[in-house]
Structure formats: structure tokens, C-alpha cells
Amino acid sequence: MEKKAPGPPKWAEKFLEWYCRPELLEDLQGDLHEYFERNLKKKGTRRARFIYVLDVLKFFRPYTLRKPHLLNMVINMLMLASYIKTSRRNIVRNKLFSGINIFGLGVSMSVGLVMIAMLMDVFSYDNFHTRNDRIYRLISRFEQNGHANSSFFATSSLKAGLSVKESVNGIEDVVSVRGGFSGDLEFEDKKLPVSGYWANESFFNVFTFPLVQGNPVTALQKPFQLVLTESTALKLFGTKDVVGKTVTRADRQYLVAGIMKDPPVFSHIKFEMLGSLSSLDVIEQDNPDLLKWDNVWDTWTYVLLDEGVGLDKIKANLDQFALKEDRTVENTHIELDLQPLSDIMTGENMGNQIGPTFGKTLLRIFMALTLVLLLSACFNYTNLSVARALSRTKEVGIRKTIGAFKSQIVGQFIVESVIISLLALVFSFLLFILIRPHFLSMESSLQQLLRLELSPGLVLCFLGFAILIGAMAGIVPAVSFSRISAIAAFKDMMATSAMKGISMRKVLTVFQYSISIIAITSTLIIFKQYRHFIHYDLGFRTENILNIKLQGNDAQLLTNELNELSEVQNISQSMLISGIGHYSGIYMKNPNDPLDSGTVYFNTVNENYLPMHSHTFLAGRNFNPKLVDSLETEVIVNQEVIRRFNIADGNPSDAVGQTVEVDGKELAIVGVIGDFEYGKANNQTGKEVIMRYANNKANYLNVKIQSRDLPSTYGKLEAIWKKLDPVHPFDAQFYNQQIQEGFKGFEASVKVGGFLSLLVICIATIGLLGMVVFTTEFRLKEVSVRKVLGSSEFGLISLLSKGFFVLLLIAAGISIPSTFLFFDRVMLPQIPNSSPLQLPEMFLGSFVVLLLALLMIVSQTLKVARTNPAEVLNRE
Amino acid sequence: MKGTNIGEFEELVLLTVAALMEEAYSVAICDELSEHAGREVKLGVVHAVLNRLQEKGLLKSQLGEATKTRGGKRKRFYQVTNTGKAALIKTKEVRDVLWNRIPHLTLKGI
């Protein structure tokens, strides 16, 4: 027989028949077929079929569409009502089945709702700018001596911002926003700390921040002008009508030239005031670095492109511009690029962001997790529905006999699953309201970034989401039910059809349990690491030490006041707090080899600091108290410094008395202390540390407290602070708490991981429950016969549950080693000082999950094994 | 009146239908246009235009005989109606008038 020529895809033809008007259908089909035959010869089968599908989709236009027939519509409406009615009956009849599904879908949908709300928030950032599609941020990559930074900085140099408009064609306007304007504003005798940026006069042209008062064109033009937001004006003056008044900031007078509306929540730039950039010409006129090409650290530049300008052309121009400017600095290349405004929140993770951003990675991880969870829940529904085929085949058979079309059967089952998912939506909505505050409080930046507020649009999205989930979960069972032939349904063929998908269901169960075990084990491992790091031996003591941020206040004055309290044992001063991720580096010259010098990290402390924090002295002595502003002559180094710089062959006692040069000063080493964690326990930076001495130049007071009632002591300290500094709020934290906060990322992962593992386990467990119930009931007759023939209860249980045990063991066998390998080989080597994996966290989670599953299997099989065989066999 | 005014592409399609006489069905029209108009013409566009012209009453159509090709589907053959012919003639006249008003010198530079 001649081989049949390949035809166009069947489903595409069906789709065309479905949507196309009958009077247009035949010749259109013919035309497409003719093209298909041509393409077949010219381009091959696959390509031709692909083009055919494309064409079918392309012809889906208003004029080809079949007009809905009124009668058909009425019939469909009637049928829909009937579907809903029968679905309701079915849902009520099978309470266990419906309960399992509503619960399982609801739990995972709640996470989906959080994600939808989050996406809505994230994607509504910066939409309020009327020309947001033309606003781009100038970003730069820093390359020095051939070492290129792998990623871009969100900042660019002030010079680039000022000259990019002249040098590159296609730019309508440029805004430069520079940090460092935050500070205390003074008006008459009132003082208020306000955050803000320097910005040039284009700010209100490029961005859409409406001014309530003042001229947007000139408000930021002249030096020493500023624009306040409404709420700041109200706080400082008590009224919004303040244009023309002058305020004092850092001993200079500023004219209030405009009042603007507060920046919206979903603006990536947040501020309370703006100062005119031209003021910097006066303030920083002695700063030679201000306008240097490689000073890319502190200015954010936004450009407004001309309409219809190609990005490639601008990028090429930017490259030329950068190459020209590179000549003004040595050995440095700065690559410029443009980043769309809409990309700032969700784009690449960059350094020097102007505010917190969401970042691609976090978004993707969260979406992936949600997807896994939702798929898992949909699988459950599919799984259980197909397993229940036994009880529904007769119903389908009767429907078909009476004259139902395939499509109507599909419709009925999809309506049923959509109703279930709508019920689940109600449940998940409650959960959503419940978990929303916890989700937001997980990380302080999330609270700033997201609102997750309900809006009509959001609720519509939720509804659409629920219907989509329902349709997705229902489609497989619906199609498989619709395929049942009426005759087969009444013969005793159901048994085979119900068992048909069994291997797929086994795979699903293994998949769900593997995910559960991976989730719980990972969470436990991260939790263990978190515990490990917050109890890490930093090399000094931190108990009962309260670190108070001085915020510009006089250290000695506050110390004297605080010493009055009996609870205060000791007070020291420091420039920064060790062990929580503060860094400050300085250049140190090696006394043995002046050419080999390098960066060391330092902290400036007074004489109380080292003893109070119980640093170990390997040799030498502590600093002697000195007067305020006395000459710096002494330094204490840690062991790593003398090792690294090879001072006195690394011998601590010989190193004492040697001289090093730091910051242009000759300093004598008076003591050597043991190594300690200067930065963060999970970070390698900050090994070589020197301690410098300063009296009364600190940023922090470290207060050692001996008290039974810490909150009330804290209150007393705060009262003293209030007396000395009524402007700034008291900013103090216990050391251990600060360390914990330094590992907030871990804590958040543990929380999210814990919650998600709980959900995944929940879903897997109820999925398994459903499977066990329906499989055991299916074998009820067999069990009864075995029982009559003398099988023991234990034998029956092992018979029924053996299959499930094997599945669980396979899941554990897949997931435990893969989790172990992932953490042991990939994750933990990236985290310095991490604690090695141990047996408990590897197996505890899986043990609990498996125990739960076993309990459920045994309890269900026990129920079946205990049924009276007489009752079961009697039914036949 | 809207009905008798036709667009540039509509005119091309109408002319092609008239030129192809008995063989004017969508694929043939499409090929003919691609060949003579000097541009790639997509079936989807031609189909939509044919349909619109028929609605305007400038074209009429009937199905032909079934053949073995085209998956056994019949072709739809188009014919220009009298209204269609009138519209074509009118368009040509308008153009001729305008052409005649152009002095020879103006277009010589090309």
C-alpha cells in the first residue's frame, strides 16, 4: 500500500472547524491545505505543519468567527445550570474527596495569592511617571587595572550625568540625583531629621512628582534651594504654606522653593526633601574628586530619551563617550549602559541601589516555589479524580446513553473542578489574610517594598487564578472520563480503566514525597546553620552589652549621664560594631617591607572597649587612657596582622614595640590580641584587624548592663537619651540581638522554608491519604475473601501497605542523597565557617514525614482489614 | 459615498480578480498579486479584503467543483459585480483626470 502523505495537524484542523463560520470554512480549509502542500514540497513536513498551525491561528479574526447561535447559548446556559447542580451534589456526596481537594488546593492557592499580590505590587512600581517608557537609568561598570566588576552599579559618575546630554544624541533631558543630602533641618527652635537627595532642576520635568506650590522649572535651579514633601513641611512648620521661608541645614541657609506631594508608595526613589544640585558647586568646591570620571559611587542618573530613539544607537554613542572620558583617569575603564525604569525593581541585582529592590533572583525563586506547590496540588486533584473513576463511570455511561456529547461531559467535570477551586479560593483567601502580615514582617525590606493591599483588580485576578487552577486541575480527569464508552461503562470493565493510570499516580506520589523531604531537610539544615552562626564564638563576649548609636551626640556627656544608673556596669566607645557586618578598611604600610603594604580593617575604640568585650591579649597591654584630641601613637593588632605582614616572624611578644605606618602616622604596637570575627561570621573579609585609639570620637557607646529587668533598664536609658537629644529617636540594640539581625536572611529562609515544607507535606499527605483510601476500598472484596480464607490482620495490613512503603522509600532514596550532595558540595562550601552536616538534620525531617505517612497508611488499611467480610461479600 | 470609494489594495485585488477571469480564487489571486505588485502578499490579507469587497457588493462568489487536491475541499471563485466594475472605472477616471493635470516637466526629474 502506498504510504499516506503527511497531513496538517489534526487538532489545528479541528480548531479551525470549531471557530470558523460555516460559509467561509470550506474554501479557507482548502486554501490552507493548498499552502500546506506547497510548503510540504519546499520546506519539509515539520515546517509545513508549523506554518499551517500559525495560519490557523492567524485567521482567528472577527470576520471569520462563528456567530454564537441564540438557541445554542440558551442550551449552554441551561446545561451550565445543570452542571452546577450535579457538581454540587457530587461535592456534597463525597465529603472526604471534596474536603481533601478543597483543603489541598486552598493551602497551595494561598501561596499563589500571595505571589499574585506581590507581582501586582512589584510591577506597579514607577508606573505613575507619565513618560515612564522613555525614562532610563544610566548604570556603570567599573574596571580597574584589567579587573572588571562582574556586575553593573546602579550609580554613575556626576560627570557622566552632567555631560551625557551634550555627548550623546537622542537624549531629551537628564536628572542627576546625588546622595548625602539627608540631615537635620532647623527652623526657628525646631529641629527635624529629614532624608533626601541632591537633584538638578530637570527632576520635575523627567519624573512625575507634582508640585503643590512653587515652580517646577526653577524650584531646584539656584544653589541653596530645596523642595519639601507635604508631610515634611507639616512636621517642620505645621503648615504647607511655607514657600519662601528659609531653613538651616548643616549651618547653611536654604530657601524653601517648592512643596511637592509625598512620593507614592510604589516609587523606587523615596525621600522627604530634595536640595538643588547646584549647591554642591559651592559646598564642595574644594573637593577635586567630585567631578572625576571614576567617581561612580554616589550619583544616580536618569535620562529621558527622545521619542522613537533606538537603544542600540544610544548604547554605541555611550561607548564612544565612555572611551573618550576614560582618558581623563588612569588604568580605568567605565562602561555605561541604560536600564529601563520598569526594570529597576525586578531586574538584575546591582550594587549601590538607591533603595531596596526586589531583584530577579528572589522573584524567580519565589515563582518557582509557588509553581511547584500549585502543580503538586493540581496533581493531587487529578490523581484523586482519576482514581475515583470507578464510582463515576456509570454516571458517565448513563449521560452518554441519554445523548450527552463528549464536550458536555468535559464541561461537566471542568465545572465541577472549577467549583471546587472556587471553594478553595474562599479558604485560601482567609489563609492569605492570615499569612500576609507574617510574610511582610519576614524581612524589613519587604515591608518597605510591598503592600499586598486588596484592590478590585487584585480580587479579579484572584478569581481568574482560581478558575484557571480549577480548569487546569480538571482537564485531565474530564478528558479521560469523556473517553469512556457507554457500553464499556456498563460491562464490568471499570476495574481495568480505573487502574490504568496507576503507574503515573505512583510517579506523582514519589515526586510529591521527594519534594516534601527535600523541603523539610533543607529547612532543617538552614535552621541548623542559623543557630550555628548566631551562637558562633566571635572571639569576644557580647552578653548584656547594649550598643547605642550616638547620632552625633557627645560620647562623654552621655557616658557621664548613663553612669549614674546603678544597672550600668561599664561603658566603652567604638567607631563600629564588630561581628554584624560593619567594615572600615585602611591602608597600612609594612614596617619590614615598605613596598608590600595592604588594606587592614580597623575599629577605633577607647580604653574600656577591649577588656569589656573580653578580647584575649596574647602579648602587651591595653590602651592607656588619653585626653580628648591627643596625638595618636599606639595601636593594638590582632594575630592575623603580624602573621600577614610578617612582623617579628609572627611572634606576638616580639611584635610589641614594633612600629607600623597607618594613615600617614607612625604607630607603636602596644598589644596583640587573638583573632576574632570583625565582619560577619559567614564572611571571609576582615581577617586582619587593628584597633586604634580615640577618646570621644565614637559612633557607638557600648553599655554593659547588669539588670534583672532589662525592659525597665532600657526605658531608663531611653529617658536619659531623650533628655540629652530630643530630636533623634533612641537607637539602641543588644549585641546578641544585632548579631541575630545580621543573619536575618537565614531566618527568613527558615521561615519561608518551614512554611512551604509544611504546605508541601500537607499536600503530599492528603494526596497519599486519598490514594490509600481509594485503593484499599477498591480491594475491599479481595481483602474480605482473604480474610474468610484465614489471613491474619497483620498479613492484610502488610499486603495493602507494602506498595506505599516502597514508594516512600524510593522518594527518600532520591531526595535525601540529592539534598545532602547539594548542600555538602554546592551550598555550604560557599559559606565560610559553616557547620558541617550531621545526621540529625539529614534524617529527622524525612523520619517525621515518613512516620506521618506510615501512620496514615496503617490506620486506613487497618480500617479495611477490620471490616466484617460477611458485610462486604453480602453486598454482591 | 463609502461604498464606491475603494482603497489602493482593494483596487489591486479587484483588478486581479477581473484579470484572472474564470480562475479567480484566493490562492491564485494571492500568487498573481505577489508576482505583479512586486511585494509579498499574505493570504490572510487577501482573504480579509475579498471578504470585505464581497460585503460591499463589489464582488460575488460561488463554490467550484471538488478536486483531489486541497484535501478535497472546493475553491471559491470570485467575479467582479457591476458595482465593482463601476467603482474600478470611477477610480481610473479620477486618476486620469489628476494625471492629465500634471505638467510634463514636473515628473521628468525622476
# chains A, B, ... in the order shown; residues from 1 in each chain; ligands from 1
call {"tool": "interface_residues", "arguments": {"of": "chain B", "to": "chain A", "cutoff": "12 Å", "atoms": "only C-alpha atoms", "output": "PDB file with N, CA and C atoms, in the first residue's frame"}}
result
ATOM      1  N   TYR B  25      -9.573  32.595  -7.713  1.00  0.00           N
ATOM      2  CA  TYR B  25      -9.852  32.175  -6.325  1.00  0.00           C
ATOM      3  C   TYR B  25      -8.664  32.588  -5.460  1.00  0.00           C
ATOM      4  N   SER B  26      -8.869  32.563  -4.148  1.00  0.00           N
ATOM      5  CA  SER B  26      -7.975  33.272  -3.233  1.00  0.00           C
ATOM      6  C   SER B  26      -6.481  33.002  -3.459  1.00  0.00           C
ATOM      7  N   VAL B  27      -6.095  31.721  -3.555  1.00  0.00           N
ATOM      8  CA  VAL B  27      -4.670  31.417  -3.664  1.00  0.00           C
ATOM      9  C   VAL B  27      -4.096  31.970  -4.971  1.00  0.00           C
ATOM     10  N   ALA B  28      -4.883  31.830  -6.053  1.00  0.00           N
ATOM     11  CA  ALA B  28      -4.428  32.328  -7.346  1.00  0.00           C
ATOM     12  C   ALA B  28      -4.270  33.847  -7.306  1.00  0.00           C
ATOM     13  N   ILE B  29      -5.227  34.513  -6.679  1.00  0.00           N
ATOM     14  CA  ILE B  29      -5.168  35.974  -6.566  1.00  0.00           C
ATOM     15  C   ILE B  29      -3.921  36.388  -5.792  1.00  0.00           C
ATOM     16  N   CYS B  30      -3.694  35.662  -4.772  1.00  0.00           N
ATOM     17  CA  CYS B  30      -2.540  35.925  -3.918  1.00  0.00           C
ATOM     18  C   CYS B  30      -1.243  35.802  -4.725  1.00  0.00           C
ATOM     19  N   ASP B  31      -1.126  34.691  -5.485  1.00  0.00           N
ATOM     20  CA  ASP B  31       0.084  34.461  -6.280  1.00  0.00           C
ATOM     21  C   ASP B  31       0.260  35.557  -7.332  1.00  0.00           C
ATOM     22  N   LYS B  42       0.267  38.363   1.721  1.00  0.00           N
ATOM     23  CA  LYS B  42      -0.127  37.240   2.587  1.00  0.00           C
ATOM     24  C   LYS B  42      -1.578  36.846   2.324  1.00  0.00           C
ATOM     25  N   LEU B  43      -1.830  35.538   2.419  1.00  0.00           N
ATOM     26  CA  LEU B  43      -3.173  35.029   2.180  1.00  0.00           C
ATOM     27  C   LEU B  43      -4.193  35.677   3.121  1.00  0.00           C
ATOM     28  N   GLY B  44      -3.745  35.829   4.373  1.00  0.00           N
ATOM     29  CA  GLY B  44      -4.665  36.379   5.367  1.00  0.00           C
ATOM     30  C   GLY B  44      -5.204  37.735   4.946  1.00  0.00           C
ATOM     31  N   VAL B  45      -4.328  38.570   4.375  1.00  0.00           N
ATOM     32  CA  VAL B  45      -4.733  39.921   3.973  1.00  0.00           C
ATOM     33  C   VAL B  45      -5.700  39.844   2.797  1.00  0.00           C
ATOM     34  N   VAL B  46      -5.327  39.032   1.799  1.00  0.00           N
ATOM     35  CA  VAL B  46      -6.175  38.910   0.620  1.00  0.00           C
ATOM     36  C   VAL B  46      -7.558  38.374   1.004  1.00  0.00           C
ATOM     37  N   HIS B  47      -7.548  37.372   1.850  1.00  0.00           N
ATOM     38  CA  HIS B  47      -8.806  36.767   2.267  1.00  0.00           C
ATOM     39  C   HIS B  47      -9.719  37.794   2.917  1.00  0.00           C
ATOM     40  N   ALA B  48      -9.116  38.600   3.810  1.00  0.00           N
ATOM     41  CA  ALA B  48      -9.913  39.609   4.502  1.00  0.00           C
ATOM     42  C   ALA B  48     -10.462  40.631   3.510  1.00  0.00           C
ATOM     43  N   VAL B  49      -9.639  41.029   2.548  1.00  0.00           N
ATOM     44  CA  VAL B  49     -10.071  42.041   1.573  1.00  0.00           C
ATOM     45  C   VAL B  49     -11.179  41.482   0.676  1.00  0.00           C
ATOM     46  N   LEU B  50     -10.985  40.235   0.218  1.00  0.00           N
ATOM     47  CA  LEU B  50     -12.019  39.604  -0.618  1.00  0.00           C
ATOM     48  C   LEU B  50     -13.347  39.602   0.119  1.00  0.00           C
ATOM     49  N   ASN B  51     -13.275  39.242   1.366  1.00  0.00           N
ATOM     50  CA  ASN B  51     -14.481  39.169   2.181  1.00  0.00           C
ATOM     51  C   ASN B  51     -15.155  40.527   2.309  1.00  0.00           C
ATOM     52  N   ARG B  52     -14.311  41.551   2.494  1.00  0.00           N
ATOM     53  CA  ARG B  52     -14.851  42.894   2.672  1.00  0.00           C
ATOM     54  C   ARG B  52     -15.464  43.400   1.365  1.00  0.00           C
ATOM     55  N   GLU B  55     -18.768  41.957   0.906  1.00  0.00           N
ATOM     56  CA  GLU B  55     -19.768  42.602   1.753  1.00  0.00           C
ATOM     57  C   GLU B  55     -20.206  43.928   1.164  1.00  0.00           C
ATOM     58  N   SER B  61     -19.371  35.626  -5.438  1.00  0.00           N
ATOM     59  CA  SER B  61     -18.581  34.392  -5.475  1.00  0.00           C
ATOM     60  C   SER B  61     -19.488  33.178  -5.495  1.00  0.00           C
ATOM     61  N   GLN B  62     -18.932  32.080  -6.048  1.00  0.00           N
ATOM     62  CA  GLN B  62     -19.605  30.790  -5.831  1.00  0.00           C
ATOM     63  C   GLN B  62     -18.561  29.696  -5.744  1.00  0.00           C
ATOM     64  N   LEU B  63     -18.970  28.575  -5.114  1.00  0.00           N
ATOM     65  CA  LEU B  63     -18.023  27.486  -4.926  1.00  0.00           C
ATOM     66  C   LEU B  63     -17.891  26.697  -6.223  1.00  0.00           C
ATOM     67  N   GLY B  64     -16.659  26.213  -6.469  1.00  0.00           N
ATOM     68  CA  GLY B  64     -16.419  25.435  -7.678  1.00  0.00           C
ATOM     69  C   GLY B  64     -16.613  23.942  -7.431  1.00  0.00           C
ATOM     70  N   GLU B  65     -15.977  23.127  -8.285  1.00  0.00           N
ATOM     71  CA  GLU B  65     -16.090  21.675  -8.151  1.00  0.00           C
ATOM     72  C   GLU B  65     -15.017  21.153  -7.185  1.00  0.00           C
ATOM     73  N   ALA B  66     -15.362  20.058  -6.500  1.00  0.00           N
ATOM     74  CA  ALA B  66     -14.369  19.452  -5.619  1.00  0.00           C
ATOM     75  C   ALA B  66     -13.319  18.726  -6.446  1.00  0.00           C
ATOM     76  N   THR B  67     -12.044  18.824  -6.030  1.00  0.00           N
ATOM     77  CA  THR B  67     -10.978  18.100  -6.727  1.00  0.00           C
ATOM     78  C   THR B  67     -10.195  17.273  -5.723  1.00  0.00           C
ATOM     79  N   LYS B  68      -9.212  16.515  -6.237  1.00  0.00           N
ATOM     80  CA  LYS B  68      -8.442  15.661  -5.338  1.00  0.00           C
ATOM     81  C   LYS B  68      -7.464  16.474  -4.490  1.00  0.00           C
ATOM     82  N   THR B  69      -6.957  17.567  -5.074  1.00  0.00           N
ATOM     83  CA  THR B  69      -6.032  18.405  -4.291  1.00  0.00           C
ATOM     84  C   THR B  69      -6.819  19.191  -3.250  1.00  0.00           C
ATOM     85  N   ARG B  70      -6.113  19.988  -2.495  1.00  0.00           N
ATOM     86  CA  ARG B  70      -6.736  20.838  -1.459  1.00  0.00           C
ATOM     87  C   ARG B  70      -7.482  20.023  -0.427  1.00  0.00           C
ATOM     88  N   GLY B  71      -7.065  18.786  -0.175  1.00  0.00           N
ATOM     89  CA  GLY B  71      -7.746  17.974   0.834  1.00  0.00           C
ATOM     90  C   GLY B  71      -9.202  17.748   0.488  1.00  0.00           C
ATOM     91  N   GLY B  72      -9.529  17.779  -0.813  1.00  0.00           N
ATOM     92  CA  GLY B  72     -10.897  17.515  -1.249  1.00  0.00           C
ATOM     93  C   GLY B  72     -11.846  18.684  -1.052  1.00  0.00           C
ATOM     94  N   LYS B  73     -11.299  19.854  -0.733  1.00  0.00           N
ATOM     95  CA  LYS B  73     -12.181  20.999  -0.491  1.00  0.00           C
ATOM     96  C   LYS B  73     -12.378  21.793  -1.787  1.00  0.00           C
ATOM     97  N   ARG B  74     -13.559  22.411  -1.906  1.00  0.00           N
ATOM     98  CA  ARG B  74     -13.854  23.174  -3.123  1.00  0.00           C
ATOM     99  C   ARG B  74     -13.235  24.564  -3.071  1.00  0.00           C
ATOM    100  N   LYS B  75     -12.993  25.131  -4.263  1.00  0.00           N
ATOM    101  CA  LYS B  75     -12.481  26.503  -4.328  1.00  0.00           C
ATOM    102  C   LYS B  75     -13.658  27.471  -4.394  1.00  0.00           C
ATOM    103  N   ARG B  76     -13.422  28.690  -3.917  1.00  0.00           N
ATOM    104  CA  ARG B  76     -14.434  29.732  -4.073  1.00  0.00           C
ATOM    105  C   ARG B  76     -13.954  30.698  -5.144  1.00  0.00           C
ATOM    106  N   PHE B  77     -14.705  30.769  -6.225  1.00  0.00           N
ATOM    107  CA  PHE B  77     -14.316  31.637  -7.342  1.00  0.00           C
ATOM    108  C   PHE B  77     -15.018  32.973  -7.233  1.00  0.00           C
ATOM    109  N   TYR B  78     -14.262  34.024  -7.501  1.00  0.00           N
ATOM    110  CA  TYR B  78     -14.806  35.379  -7.365  1.00  0.00           C
ATOM    111  C   TYR B  78     -15.017  36.001  -8.740  1.00  0.00           C
TER     112      TYR B  78
END
call {"tool": "residues_around", "arguments": {"residues": "Ala81 in chain A", "least_positions_apart": "5", "cutoff": "12 Å", "atoms": "only C-alpha atoms", "output": "list in words"}}
result
Val74, Ile75, Asn76, Thr86, Ser87, Arg88, Gly411, Gln412, Val415 and Glu416 of chain A
call {"tool": "select_by_dssp", "arguments": {"residues": "range 702-778 of chain A", "states": "strand (DSSP E or B)", "output": "list in words"}}
result
Asn702, Val703, Lys704, Ile705, Ala732, Gln733 and Phe734 of chain A
call {"tool": "write_last_selection", "arguments": {"atoms": "N, CA and C atoms", "output": "mmCIF file, in the first residue's frame"}}
result
data_model
loop_
_atom_site.group_PDB
_atom_site.id
_atom_site.type_symbol
_atom_site.label_atom_id
_atom_site.label_comp_id
_atom_site.auth_asym_id
_atom_site.auth_seq_id
_atom_site.Cartn_x
_atom_site.Cartn_y
_atom_site.Cartn_z
ATOM 1 N N ASN A 702 29.058 51.437 73.937
ATOM 2 C CA ASN A 702 28.746 50.061 74.290
ATOM 3 C C ASN A 702 28.539 50.033 75.798
ATOM 4 N N VAL A 703 27.322 49.724 76.209
ATOM 5 C CA VAL A 703 26.980 49.809 77.620
ATOM 6 C C VAL A 703 26.776 48.406 78.164
ATOM 7 N N LYS A 704 27.589 48.034 79.139
ATOM 8 C CA LYS A 704 27.413 46.716 79.768
ATOM 9 C C LYS A 704 26.418 46.870 80.907
ATOM 10 N N ILE A 705 25.398 46.030 80.883
ATOM 11 C CA ILE A 705 24.296 46.203 81.821
ATOM 12 C C ILE A 705 24.163 44.976 82.699
ATOM 13 N N ALA A 732 19.091 51.963 70.009
ATOM 14 C CA ALA A 732 19.979 51.089 70.766
ATOM 15 C C ALA A 732 19.507 49.647 70.653
ATOM 16 N N GLN A 733 20.466 48.748 70.588
ATOM 17 C CA GLN A 733 20.110 47.339 70.474
ATOM 18 C C GLN A 733 21.091 46.498 71.253
ATOM 19 N N PHE A 734 20.604 45.395 71.806
ATOM 20 C CA PHE A 734 21.530 44.489 72.469
ATOM 21 C C PHE A 734 22.375 43.794 71.416
#
call {"tool": "select_by_dssp", "arguments": {"residues": "range 607-766 of chain A", "states": "alpha helix (DSSP H)", "output": "JSON, numbers by chain"}}
result
{"A": [609, 610, 611, 612, 639, 640, 641, 642, 643, 644, 652, 653, 654, 655, 710, 711, 712, 713, 714, 715, 716, 717, 718, 719, 720, 721, 722, 723, 724, 735, 736, 737, 738, 739, 740, 741, 742, 744, 745, 746, 747, 748, 749, 750, 751, 752, 753, 754, 755, 756, 757, 758, 759, 760, 761, 762, 763, 764, 765, 766]}
call {"tool": "closest_residue", "arguments": {"among": "A:Leu375, A:Ile91, A:Leu839, A:Val872", "to": "Leu524 in chain A", "atoms": "only C-alpha atoms"}}
result
A:Leu839
call {"tool": "decode", "arguments": {"residues": "range 58-70 of chain B", "atoms": "N, CA, C and O atoms", "output": "PDB file, in the first residue's frame"}}
result
ATOM      1  N   LEU B  58     -19.015  44.568  -4.227  1.00  0.00           N
ATOM      2  CA  LEU B  58     -18.176  44.793  -5.393  1.00  0.00           C
ATOM      3  C   LEU B  58     -17.763  43.467  -6.028  1.00  0.00           C
ATOM      4  O   LEU B  58     -17.306  43.420  -7.153  1.00  0.00           O
ATOM      5  N   LEU B  59     -17.852  42.401  -5.228  1.00  0.00           N
ATOM      6  CA  LEU B  59     -17.511  41.068  -5.721  1.00  0.00           C
ATOM      7  C   LEU B  59     -18.657  40.119  -5.434  1.00  0.00           C
ATOM      8  O   LEU B  59     -19.439  40.335  -4.511  1.00  0.00           O
ATOM      9  N   LYS B  60     -18.779  39.087  -6.259  1.00  0.00           N
ATOM     10  CA  LYS B  60     -19.665  37.977  -5.891  1.00  0.00           C
ATOM     11  C   LYS B  60     -18.886  36.685  -6.050  1.00  0.00           C
ATOM     12  O   LYS B  60     -17.838  36.662  -6.705  1.00  0.00           O
ATOM     13  N   SER B  61     -19.371  35.626  -5.438  1.00  0.00           N
ATOM     14  CA  SER B  61     -18.581  34.392  -5.475  1.00  0.00           C
ATOM     15  C   SER B  61     -19.488  33.178  -5.495  1.00  0.00           C
ATOM     16  O   SER B  61     -20.643  33.242  -5.093  1.00  0.00           O
ATOM     17  N   GLN B  62     -18.932  32.080  -6.048  1.00  0.00           N
ATOM     18  CA  GLN B  62     -19.605  30.790  -5.831  1.00  0.00           C
ATOM     19  C   GLN B  62     -18.561  29.696  -5.744  1.00  0.00           C
ATOM     20  O   GLN B  62     -17.420  29.863  -6.183  1.00  0.00           O
ATOM     21  N   LEU B  63     -18.970  28.575  -5.114  1.00  0.00           N
ATOM     22  CA  LEU B  63     -18.023  27.486  -4.926  1.00  0.00           C
ATOM     23  C   LEU B  63     -17.891  26.697  -6.223  1.00  0.00           C
ATOM     24  O   LEU B  63     -18.864  26.527  -6.960  1.00  0.00           O
ATOM     25  N   GLY B  64     -16.659  26.213  -6.469  1.00  0.00           N
ATOM     26  CA  GLY B  64     -16.419  25.435  -7.678  1.00  0.00           C
ATOM     27  C   GLY B  64     -16.613  23.942  -7.431  1.00  0.00           C
ATOM     28  O   GLY B  64     -17.312  23.541  -6.491  1.00  0.00           O
ATOM     29  N   GLU B  65     -15.977  23.127  -8.285  1.00  0.00           N
ATOM     30  CA  GLU B  65     -16.090  21.675  -8.151  1.00  0.00           C
ATOM     31  C   GLU B  65     -15.017  21.153  -7.185  1.00  0.00           C
ATOM     32  O   GLU B  65     -13.938  21.718  -7.099  1.00  0.00           O
ATOM     33  N   ALA B  66     -15.362  20.058  -6.500  1.00  0.00           N
ATOM     34  CA  ALA B  66     -14.369  19.452  -5.619  1.00  0.00           C
ATOM     35  C   ALA B  66     -13.319  18.726  -6.446  1.00  0.00           C
ATOM     36  O   ALA B  66     -13.646  18.103  -7.458  1.00  0.00           O
ATOM     37  N   THR B  67     -12.044  18.824  -6.030  1.00  0.00           N
ATOM     38  CA  THR B  67     -10.978  18.100  -6.727  1.00  0.00           C
ATOM     39  C   THR B  67     -10.195  17.273  -5.723  1.00  0.00           C
ATOM     40  O   THR B  67     -10.465  17.327  -4.523  1.00  0.00           O
ATOM     41  N   LYS B  68      -9.212  16.515  -6.237  1.00  0.00           N
ATOM     42  CA  LYS B  68      -8.442  15.661  -5.338  1.00  0.00           C
ATOM     43  C   LYS B  68      -7.464  16.474  -4.490  1.00  0.00           C
ATOM     44  O   LYS B  68      -7.160  16.113  -3.364  1.00  0.00           O
ATOM     45  N   THR B  69      -6.957  17.567  -5.074  1.00  0.00           N
ATOM     46  CA  THR B  69      -6.032  18.405  -4.291  1.00  0.00           C
ATOM     47  C   THR B  69      -6.819  19.191  -3.250  1.00  0.00           C
ATOM     48  O   THR B  69      -8.043  19.071  -3.149  1.00  0.00           O
ATOM     49  N   ARG B  70      -6.113  19.988  -2.495  1.00  0.00           N
ATOM     50  CA  ARG B  70      -6.736  20.838  -1.459  1.00  0.00           C
ATOM     51  C   ARG B  70      -7.482  20.023  -0.427  1.00  0.00           C
ATOM     52  O   ARG B  70      -8.456  20.502   0.159  1.00  0.00           O
TER      53      ARG B  70
END
